[in-house]
Structure formats: C-alpha cells, structure tokens
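J.: Got a file for you: structure.pdb, PDB, C-alpha atoms, pLDDT in the B column.
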ATOM      1  CA  MET A   1       4.572  25.241  -6.892  1.00 55.00           C
ATOM      2  CA  SER A   2       3.625  21.588  -7.442  1.00 77.00           C
ATOM      3  CA  ASP A   3       4.810  18.640  -5.394  1.00 94.00           C
ATOM      4  CA  LEU A   4       6.329  15.554  -6.997  1.00 98.00           C
ATOM      5  CA  VAL A   5       5.645  12.499  -4.872  1.00 98.00           C
ATOM      6  CA  LEU A   6       7.287   9.101  -5.109  1.00 98.00           C
ATOM      7  CA  ALA A   7       4.723   6.435  -4.157  1.00 98.00           C
ATOM      8  CA  ILE A   8       5.765   2.900  -3.173  1.00 98.00           C
ATOM      9  CA  ASP A   9       3.901  -0.196  -2.032  1.00 98.00           C
ATOM     10  CA  THR A  10       5.079  -3.767  -1.417  1.00 98.00           C
ATOM     11  CA  ALA A  11       2.314  -4.996   0.909  1.00 97.00           C
ATOM     12  CA  THR A  12       0.758  -7.303  -1.703  1.00 97.00           C
ATOM     13  CA  PRO A  13       2.140  -9.503  -4.505  1.00 96.00           C
ATOM     14  CA  ALA A  14       2.392  -6.284  -6.549  1.00 97.00           C
ATOM     15  CA  VAL A  15       5.630  -4.288  -6.451  1.00 97.00           C
ATOM     16  CA  THR A  16       4.333  -0.765  -7.077  1.00 98.00           C
ATOM     17  CA  ALA A  17       6.239   2.457  -7.678  1.00 98.00           C
ATOM     18  CA  GLY A  18       5.271   5.685  -9.373  1.00 98.00           C
ATOM     19  CA  VAL A  19       5.497   9.449  -9.500  1.00 98.00           C
ATOM     20  CA  VAL A  20       2.491  11.657  -8.815  1.00 98.00           C
ATOM     21  CA  ARG A  21       2.198  15.424  -9.200  1.00 98.00           C
ATOM     22  CA  ARG A  22       0.168  17.263  -6.572  1.00 95.00           C
ATOM     23  CA  ASP A  23      -0.813  20.683  -7.880  1.00 89.00           C
ATOM     24  CA  GLY A  24      -4.307  21.411  -6.641  1.00 82.00           C
ATOM     25  CA  ASP A  25      -5.336  18.275  -8.501  1.00 88.00           C
ATOM     26  CA  LEU A  26      -3.502  14.971  -8.733  1.00 95.00           C
ATOM     27  CA  SER A  27      -1.757  13.660 -11.851  1.00 97.00           C
ATOM     28  CA  VAL A  28      -0.067  10.284 -12.197  1.00 98.00           C
ATOM     29  CA  LEU A  29       3.069  10.938 -14.250  1.00 98.00           C
ATOM     30  CA  ALA A  30       4.296   7.338 -14.243  1.00 98.00           C
ATOM     31  CA  GLU A  31       3.510   4.014 -12.608  1.00 98.00           C
ATOM     32  CA  ARG A  32       5.355   0.694 -12.714  1.00 98.00           C
ATOM     33  CA  ILE A  33       3.751  -2.454 -11.252  1.00 96.00           C
ATOM     34  CA  THR A  34       5.315  -5.913 -11.245  1.00 97.00           C
ATOM     35  CA  VAL A  35       3.182  -8.735  -9.824  1.00 96.00           C
ATOM     36  CA  ASP A  36       5.544 -11.214  -8.227  1.00 93.00           C
ATOM     37  CA  PRO A  37       5.279 -12.058  -4.501  1.00 89.00           C
ATOM     38  CA  ARG A  38       8.870 -13.320  -4.454  1.00 90.00           C
ATOM     39  CA  ALA A  39      10.529 -10.376  -6.163  1.00 92.00           C
ATOM     40  CA  HIS A  40       9.894  -7.365  -3.946  1.00 95.00           C
ATOM     41  CA  ALA A  41      13.577  -6.805  -3.217  1.00 94.00           C
ATOM     42  CA  GLU A  42      14.661  -7.419  -6.819  1.00 95.00           C
ATOM     43  CA  ARG A  43      12.000  -5.331  -8.549  1.00 96.00           C
ATOM     44  CA  LEU A  44      11.344  -2.327  -6.322  1.00 97.00           C
ATOM     45  CA  THR A  45      14.419  -0.215  -7.086  1.00 97.00           C
ATOM     46  CA  PRO A  46      14.230  -0.910 -10.854  1.00 98.00           C
ATOM     47  CA  ASN A  47      10.540   0.032 -10.786  1.00 98.00           C
ATOM     48  CA  VAL A  48      11.285   3.251  -8.883  1.00 98.00           C
ATOM     49  CA  LEU A  49      14.039   4.284 -11.287  1.00 98.00           C
ATOM     50  CA  ALA A  50      11.957   3.357 -14.329  1.00 98.00           C
ATOM     51  CA  ALA A  51       8.981   5.346 -13.055  1.00 98.00           C
ATOM     52  CA  VAL A  52      11.144   8.378 -12.344  1.00 98.00           C
ATOM     53  CA  GLY A  53      12.566   8.105 -15.857  1.00 98.00           C
ATOM     54  CA  ASP A  54       9.109   7.657 -17.394  1.00 98.00           C
ATOM     55  CA  ALA A  55       7.931  10.772 -15.568  1.00 98.00           C
ATOM     56  CA  GLY A  56      10.738  12.805 -17.109  1.00 98.00           C
ATOM     57  CA  VAL A  57      12.102  13.933 -13.753  1.00 97.00           C
ATOM     58  CA  THR A  58      15.033  13.046 -11.501  1.00 97.00           C
ATOM     59  CA  VAL A  59      15.036  11.863  -7.901  1.00 97.00           C
ATOM     60  CA  ASP A  60      16.308  15.312  -6.897  1.00 97.00           C
ATOM     61  CA  ASP A  61      13.002  16.757  -8.136  1.00 97.00           C
ATOM     62  CA  LEU A  62      10.982  14.700  -5.650  1.00 98.00           C
ATOM     63  CA  THR A  63       9.460  16.565  -2.710  1.00 97.00           C
ATOM     64  CA  ALA A  64       7.915  13.703  -0.698  1.00 98.00           C
ATOM     65  CA  VAL A  65       7.591   9.935  -0.478  1.00 98.00           C
ATOM     66  CA  VAL A  66       4.464   7.923   0.316  1.00 98.00           C
ATOM     67  CA  VAL A  67       4.720   4.254   1.259  1.00 98.00           C
ATOM     68  CA  GLY A  68       2.141   1.604   2.020  1.00 98.00           C
ATOM     69  CA  CYS A  69       2.726   0.222   5.525  1.00 98.00           C
ATOM     70  CA  GLY A  70       0.516  -2.821   5.176  1.00 97.00           C
ATOM     71  CA  PRO A  71      -1.079  -4.910   6.371  1.00 97.00           C
ATOM     72  CA  GLY A  72       1.140  -7.375   4.599  1.00 95.00           C
ATOM     73  CA  PRO A  73       3.836  -9.993   5.030  1.00 91.00           C
ATOM     74  CA  PHE A  74       6.937  -9.146   7.026  1.00 91.00           C
ATOM     75  CA  THR A  75       9.487  -9.415   4.204  1.00 90.00           C
ATOM     76  CA  GLY A  76       7.480  -7.460   1.646  1.00 92.00           C
ATOM     77  CA  LEU A  77       6.712  -4.590   4.000  1.00 95.00           C
ATOM     78  CA  ARG A  78      10.299  -4.364   5.167  1.00 94.00           C
ATOM     79  CA  VAL A  79      11.539  -3.922   1.588  1.00 96.00           C
ATOM     80  CA  GLY A  80       9.115  -1.136   0.722  1.00 97.00           C
ATOM     81  CA  MET A  81       9.373   0.777   3.969  1.00 98.00           C
ATOM     82  CA  ALA A  82      13.169   0.572   4.151  1.00 97.00           C
ATOM     83  CA  THR A  83      13.424   1.818   0.567  1.00 98.00           C
ATOM     84  CA  ALA A  84      11.035   4.702   1.212  1.00 98.00           C
ATOM     85  CA  ALA A  85      12.933   5.684   4.355  1.00 98.00           C
ATOM     86  CA  ALA A  86      16.236   5.556   2.461  1.00 98.00           C
ATOM     87  CA  TYR A  87      14.972   7.890  -0.265  1.00 98.00           C
ATOM     88  CA  GLY A  88      13.547  10.264   2.329  1.00 98.00           C
ATOM     89  CA  HIS A  89      16.814  10.360   4.263  1.00 98.00           C
ATOM     90  CA  ALA A  90      19.031  10.723   1.189  1.00 98.00           C
ATOM     91  CA  LEU A  91      16.912  13.476  -0.363  1.00 98.00           C
ATOM     92  CA  GLY A  92      15.929  15.223   2.864  1.00 98.00           C
ATOM     93  CA  ILE A  93      12.196  14.962   2.113  1.00 98.00           C
ATOM     94  CA  PRO A  94       9.260  13.769   4.258  1.00 97.00           C
ATOM     95  CA  VAL A  95       8.069  10.164   4.135  1.00 98.00           C
ATOM     96  CA  HIS A  96       4.353   9.550   4.739  1.00 98.00           C
ATOM     97  CA  GLY A  97       3.173   6.076   5.700  1.00 98.00           C
ATOM     98  CA  VAL A  98      -0.380   4.993   4.860  1.00 98.00           C
ATOM     99  CA  CYS A  99      -2.469   1.866   5.235  1.00 98.00           C
ATOM    100  CA  SER A 100      -2.131  -0.071   1.980  1.00 98.00           C
ATOM    101  CA  LEU A 101      -5.797  -1.119   2.115  1.00 98.00           C
ATOM    102  CA  ASP A 102      -6.735   2.583   2.214  1.00 98.00           C
ATOM    103  CA  ALA A 103      -5.000   3.049  -1.142  1.00 98.00           C
ATOM    104  CA  ILE A 104      -7.547   0.612  -2.594  1.00 98.00           C
ATOM    105  CA  GLY A 105     -10.564   1.612  -0.514  1.00 97.00           C
ATOM    106  CA  ILE A 106     -10.206   5.315  -1.212  1.00 97.00           C
ATOM    107  CA  GLU A 107     -10.766   4.548  -4.903  1.00 93.00           C
ATOM    108  CA  THR A 108     -14.177   2.919  -4.291  1.00 92.00           C
ATOM    109  CA  SER A 109     -17.603   4.361  -3.560  1.00 90.00           C
ATOM    110  CA  GLY A 110     -20.470   3.173  -1.405  1.00 93.00           C
ATOM    111  CA  GLU A 111     -20.065   0.405   1.174  1.00 96.00           C
ATOM    112  CA  ALA A 112     -16.951  -1.519   0.155  1.00 97.00           C
ATOM    113  CA  LEU A 113     -14.932  -4.365   1.623  1.00 97.00           C
ATOM    114  CA  VAL A 114     -11.241  -4.430   0.676  1.00 98.00           C
ATOM    115  CA  VAL A 115      -9.426  -7.741   1.066  1.00 98.00           C
ATOM    116  CA  THR A 116      -5.910  -8.941   0.290  1.00 97.00           C
ATOM    117  CA  ASP A 117      -4.175 -12.274   0.747  1.00 95.00           C
ATOM    118  CA  ALA A 118      -2.902 -12.883   4.300  1.00 95.00           C
ATOM    119  CA  ARG A 119      -2.009 -16.536   3.580  1.00 91.00           C
ATOM    120  CA  ARG A 120      -2.856 -19.266   6.128  1.00 91.00           C
ATOM    121  CA  ARG A 121      -6.379 -19.235   4.614  1.00 94.00           C
ATOM    122  CA  GLU A 122      -6.921 -15.753   6.011  1.00 96.00           C
ATOM    123  CA  VAL A 123      -7.399 -12.268   4.544  1.00 97.00           C
ATOM    124  CA  TYR A 124      -6.366  -8.779   5.506  1.00 97.00           C
ATOM    125  CA  TRP A 125      -9.462  -6.628   5.364  1.00 98.00           C
ATOM    126  CA  ALA A 126     -10.998  -3.234   6.019  1.00 98.00           C
ATOM    127  CA  ARG A 127     -14.403  -1.727   5.311  1.00 97.00           C
ATOM    128  CA  TYR A 128     -15.016   1.643   3.671  1.00 97.00           C
ATOM    129  CA  ARG A 129     -17.896   4.029   3.155  1.00 96.00           C
ATOM    130  CA  ASP A 130     -17.361   6.289   0.152  1.00 96.00           C
ATOM    131  CA  GLY A 131     -13.599   5.873   0.426  1.00 96.00           C
ATOM    132  CA  VAL A 132     -13.369   6.441   4.192  1.00 97.00           C
ATOM    133  CA  ARG A 133     -12.305   3.509   6.384  1.00 97.00           C
ATOM    134  CA  ILE A 134     -14.967   2.613   8.971  1.00 97.00           C
ATOM    135  CA  ASP A 135     -13.642  -0.744  10.214  1.00 97.00           C
ATOM    136  CA  GLY A 136     -10.294  -2.516  10.257  1.00 96.00           C
ATOM    137  CA  PRO A 137      -7.640  -3.136   9.241  1.00 97.00           C
ATOM    138  CA  ALA A 138      -7.651  -6.671  10.631  1.00 97.00           C
ATOM    139  CA  VAL A 139      -6.748 -10.220   9.708  1.00 97.00           C
ATOM    140  CA  ASN A 140      -9.290 -13.046   9.877  1.00 96.00           C
ATOM    141  CA  ALA A 141     -10.546 -16.154   8.180  1.00 96.00           C
ATOM    142  CA  PRO A 142     -13.074 -15.067   5.523  1.00 96.00           C
ATOM    143  CA  ALA A 143     -15.961 -16.555   7.541  1.00 96.00           C
ATOM    144  CA  ASP A 144     -15.083 -14.258  10.450  1.00 97.00           C
ATOM    145  CA  VAL A 145     -14.989 -10.998   8.465  1.00 97.00           C
ATOM    146  CA  PRO A 146     -17.992  -8.793   9.376  1.00 91.00           C
ATOM    147  CA  SER A 147     -20.547  -8.504   6.598  1.00 79.00           C
ATOM    148  CA  GLY A 148     -22.458  -5.430   5.481  1.00 87.00           C
ATOM    149  CA  ALA A 149     -20.541  -4.257   2.416  1.00 93.00           C
ATOM    150  CA  ALA A 150     -22.179  -3.920  -0.988  1.00 94.00           C
ATOM    151  CA  VAL A 151     -19.071  -4.489  -3.125  1.00 96.00           C
ATOM    152  CA  ALA A 152     -15.597  -5.912  -2.681  1.00 96.00           C
ATOM    153  CA  SER A 153     -12.203  -4.710  -3.905  1.00 97.00           C
ATOM    154  CA  GLY A 154      -8.648  -5.980  -3.796  1.00 97.00           C
ATOM    155  CA  SER A 155      -7.495  -9.513  -4.554  1.00 96.00           C
ATOM    156  CA  PRO A 156     -10.150 -10.952  -6.922  1.00 96.00           C
ATOM    157  CA  GLU A 157      -9.532 -14.492  -5.702  1.00 95.00           C
ATOM    158  CA  HIS A 158     -10.226 -13.522  -2.109  1.00 96.00           C
ATOM    159  CA  ALA A 159     -12.905 -10.923  -2.829  1.00 95.00           C
ATOM    160  CA  ALA A 160     -14.865 -13.643  -4.641  1.00 95.00           C
ATOM    161  CA  LEU A 161     -15.228 -15.525  -1.346  1.00 95.00           C
ATOM    162  CA  PHE A 162     -17.740 -12.950  -0.127  1.00 95.00           C
ATOM    163  CA  GLY A 163     -20.281 -13.215  -2.948  1.00 94.00           C
ATOM    164  CA  LEU A 164     -20.144  -9.496  -3.695  1.00 95.00           C
ATOM    165  CA  ASP A 165     -19.665  -7.605  -6.943  1.00 95.00           C
ATOM    166  CA  ILE A 166     -15.949  -6.943  -7.386  1.00 95.00           C
ATOM    167  CA  VAL A 167     -14.967  -3.379  -8.265  1.00 95.00           C
ATOM    168  CA  GLY A 168     -11.970  -1.076  -8.046  1.00 92.00           C
ATOM    169  CA  PRO A 169      -8.273  -1.823  -8.166  1.00 95.00           C
ATOM    170  CA  GLN A 170      -6.757  -5.204  -7.298  1.00 96.00           C
ATOM    171  CA  TYR A 171      -3.641  -3.670  -5.747  1.00 97.00           C
ATOM    172  CA  PRO A 172      -2.700  -0.330  -4.183  1.00 97.00           C
ATOM    173  CA  THR A 173      -2.211   2.275  -6.906  1.00 97.00           C
ATOM    174  CA  VAL A 174       0.143   5.229  -6.714  1.00 98.00           C
ATOM    175  CA  ALA A 175      -2.838   7.585  -6.993  1.00 98.00           C
ATOM    176  CA  GLY A 176      -4.571   5.789  -4.135  1.00 98.00           C
ATOM    177  CA  LEU A 177      -1.441   5.889  -1.975  1.00 98.00           C
ATOM    178  CA  VAL A 178      -1.108   9.645  -2.418  1.00 98.00           C
ATOM    179  CA  ARG A 179      -4.821  10.242  -1.800  1.00 97.00           C
ATOM    180  CA  ALA A 180      -4.600   8.206   1.408  1.00 98.00           C
ATOM    181  CA  VAL A 181      -2.305  10.766   3.082  1.00 97.00           C
ATOM    182  CA  ALA A 182      -4.543  12.468   5.623  1.00 93.00           C
ATOM    183  CA  ASP A 183      -2.613  15.711   6.135  1.00 94.00           C
ATOM    184  CA  TRP A 184       0.188  16.866   3.852  1.00 94.00           C
ATOM    185  CA  SER A 185       0.946  19.892   6.011  1.00 92.00           C
ATOM    186  CA  ALA A 186       1.634  17.892   9.184  1.00 93.00           C
ATOM    187  CA  GLU A 187       4.975  16.376  10.131  1.00 94.00           C
ATOM    188  CA  PRO A 188       4.746  12.682   9.181  1.00 96.00           C
ATOM    189  CA  ASP A 189       4.615  10.140  11.974  1.00 94.00           C
ATOM    190  CA  ALA A 190       7.335   7.512  12.229  1.00 95.00           C
ATOM    191  CA  LEU A 191       6.794   4.602   9.862  1.00 96.00           C
ATOM    192  CA  VAL A 192       5.121   1.685  11.632  1.00 95.00           C
ATOM    193  CA  PRO A 193       4.459  -1.571   9.749  1.00 95.00           C
ATOM    194  CA  LEU A 194       0.992  -3.086  10.025  1.00 95.00           C
ATOM    195  CA  TYR A 195       1.853  -6.762  10.380  1.00 93.00           C
ATOM    196  CA  LEU A 196      -1.312  -7.532  12.405  1.00 92.00           C
ATOM    197  CA  ARG A 197       0.300 -10.779  13.479  1.00 79.00           C
ATOM    198  CA  ARG A 198       3.781 -11.995  14.309  1.00 61.00           C
ATOM    199  CA  PRO A 199       6.059 -12.995  11.422  1.00 54.00           C
ATOM    200  CA  ASP A 200       6.522 -16.669  10.557  1.00 51.00           C
ATOM    201  CA  ALA A 201      10.272 -16.450  11.138  1.00 48.00           C
ATOM    202  CA  LYS A 202      11.199 -16.675  14.810  1.00 49.00           C
ATOM    203  CA  PRO A 203      14.444 -15.669  16.521  1.00 47.00           C
ATOM    204  CA  ARG A 204      16.541 -18.640  17.566  1.00 51.00           C
ATOM    205  CA  ALA A 205      16.004 -17.847  21.241  1.00 49.00           C
ATOM    206  CA  GLU A 206      12.245 -18.353  20.744  1.00 42.00           C
ATOM    207  CA  GLN A 207      12.733 -21.535  18.732  1.00 46.00           C
ATOM    208  CA  LYS A 208      14.532 -23.129  21.696  1.00 47.00           C
ATOM    209  CA  ARG A 209      11.679 -22.501  24.087  1.00 48.00           C
TER     210      ARG A 209
END
In structure tokens, what does this structure look like?
T.:
Amino acid sequence: MSDLVLAIDTATPAVTAGVVRRDGDLSVLAERITVDPRAHAERLTPNVLAAVGDAGVTVDDLTAVVVGCGPGPFTGLRVGMATAAAYGHALGIPVHGVCSLDAIGIETSGEALVVTDARRREVYWARYRDGVRIDGPAVNAPADVPSGAAVASGSPEHAALFGLDIVGPQYPTVAGLVRAVADWSAEPDALVPLYLRRPDAKPRAEQKR
C-alpha cells in the first residue's frame, strides 16, 4: 500500500505545497509554488487544495504530512507549521517536521552550501556532503559562514555572494521535504520551529524595559 504525503514549506519567500506518493520509490503527483514573501497566509491553503486537486486525490486519502520547520522568519514558519498541524489533527495522521535547508541540500551532490535569506544582511545556512548535513543550520553574515563547499544552492542572490557555482533548487521542493524525513516508521517528534534568533516583534512587557 502506498503512502500519500502532503508536503508544506513556508520558510522562504516560496509558499510550497504538494502531494507525493511513497511506494518504494517517490513520485511527485502535484506541486504548487507561489513566490511571495508577504502572502504565506493567503496562498498556503489555496496551494494545498489546488495541489490535492491536481493530484486527483482528496485530503481524506492523505496518510502523512511533512512540513519545513525552518530556519526562517517567525511569521512564515508559524503559518506553515500551524497549517500542517491542523491537517494532521483533523485527519488523524502523523506530521513530520524537517529542516527546510535539508529539503534543498538533500537534492545536491558533493560538498554543497545551502543558503537562504535571513534578512538583516545575514543568511541561514547549512553544509552538506552528498545530501547529508554536516554543519548547521545557523544564521550568520556571509563573511562569517565557514568555507569549504564546492557548490552553493538555495537563494541565487545570496548563493552568489560565495563565489561558487550555483546548482540545485532555489527553494525547498516537495520531493526534498519528503526525502528529508529520517525515519518514517518512528513516531514524529513535536514540531519545533528553527528560528535561530528571536523574532523582530517583541511583547509589550519587553518593549517597556
């Protein structure tokens, strides 16, 4: 029996949703990506429903959810993870959280550096060897990111800062998200967002200090 997995990521400017079949191999049945850093909340549910429709299935056919847990901005991560948790709860299916950078890095070969926009003139980054993370994730100014990679993946604008050949996907793909799940047979851990730094918005109590 094959598994039908809903994959979601909102850790980058891309609002990604898709349906993947796991049946010995992995088949992407549908994928919807909208690149708009200000439209995570508005576009995620429409992208999920459109992808499910494109795949020719219904939400009741889904057997698991995978969601990228960052690193990424507070608001974007909250939208994706809350949506994934809601589908898991409503359908009674497991929700697996993965590092969003892994969904890019797992699709590259050799020594690769994956970077995405962390704003404040910084990048989120992790290093991979043949798709396996060997360093990170972390957030730093580009000058402080350890060198040693042969190629770079992720945000082209930020990958270009490292003078490396740019390969692989710009954003987490639904195939990469599903491949990044380490153990499908294990009970998923609780979803934990990878903010890597405190959000810009501060509670009023802190603002008064």
J.: Excluding Val66 of chain A and its own-chain neighbours fewer than 5 positions away, which residues fall within 12 Å of it when counting all atoms listed in the file? Please give them as an MDAnalysis selection string.
T.: chainID A and resid 4:10 16:20 80:81 83:85 87:88 93:100 103 172:182 184 188:189 191
J.: With all atoms listed in the file as the counted atoms, please give the residues lying no more than 6 Å from Ala51 of chain A, apart from itself and same-chain residues fewer than 6 positions off, as a PDB file with C-alpha atoms, in the frame of the given file.
T.:
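Result saved to part31.pdb:
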ATOM      1  CA  GLY A  18       5.271   5.685  -9.373  1.00 98.00           C
ATOM      2  CA  ALA A  30       4.296   7.338 -14.243  1.00 98.00           C
ATOM      3  CA  GLU A  31       3.510   4.014 -12.608  1.00 98.00           C
ATOM      4  CA  ARG A  32       5.355   0.694 -12.714  1.00 98.00           C
TER       5      ARG A  32
END
J.: To one decimal place, how far is atom CA of Val167 of chain A from atom CA of Ala41 of chain A in Å?
T.: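 Answer for the atom CA of Val167 of chain A to atom CA of Ala41 of chain A separation: 29.2 Å.
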J.: For segment 109-112 of chain A, find every residue with an atom within 8 Å (counting all atoms listed in the file), except residues of its own chain fewer than 2 positions away, and show them as a list in words.
T.: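 The contact residues come out as Gly105, Ile106, Glu107, Val114, Arg127, Tyr128, Arg129, Asp130, Gly131, Gly148, Ala149, Ala150, Val151, Ala152 and Ser153 of chain A.
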J.: Give the answer as one residue: which of A:Ala118, A:Ala143, A:Leu164, A:Ile134 has the shortest atom-to-atom distance to Asp102 of chain A, using only C-alpha atoms?
T.: A:Ile134
J.: Residue by residue, what does the PyMOL selection byres ((chain A and resi 73) around 10) grab here? Present the result as a list in words.
T.: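 So the PyMOL selection byres ((chain A and resi 73) around 10) ends up selecting Thr10, Ala11, Thr12, Pro13, Pro37, Gly70, Pro71, Gly72, Phe74, Thr75, Gly76, Leu77, Arg78, Asp117, Ala118, Arg119, Pro193, Leu194, Tyr195, Leu196, Arg197, Arg198, Pro199 and Asp200 of chain A.
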J.: Work out how far apart atom CA of Asp23 of chain A and atom CA of Ala82 of chain A are and give it in Å to one decimal.
T.: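 We find that atom CA of Asp23 of chain A and atom CA of Ala82 of chain A lie 27.3 Å from each other.
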J.: For atom CA of Asp25 of chain A and atom CA of Gly154 of chain A, determine how far apart the two atoms are, in Å to one decimal place.
T.: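 Answer for the atom CA of Asp25 of chain A to atom CA of Gly154 of chain A separation: 24.9 Å.
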J.: Can you work out which one of A:Ala39, A:Val15, A:Leu91, A:Ile104 has the shortest atom-to-atom distance to Asp61 of chain A, counting only C-alpha atoms?
T.: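 Looking only at the distances to Asp61 of chain A, the closest residue turns out to be A:Leu91.
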J.: I want to know what sits within 10 Å of Arg120 of chain A, based on only C-alpha atoms, with residues of the same chain fewer than 3 positions away left out; could you give that as a list in words?
T.: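 So the residues in contact are Asp117, Val123, Asn140 and Ala141 of chain A.
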J.: Taking all atoms listed in the file into account, which of A:Ala55, A:Val115, A:Leu62, A:Ala86 comes nearest Gly168 of chain A?
T.: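 Closest to Gly168 of chain A, using all atoms listed in the file: A:Val115.
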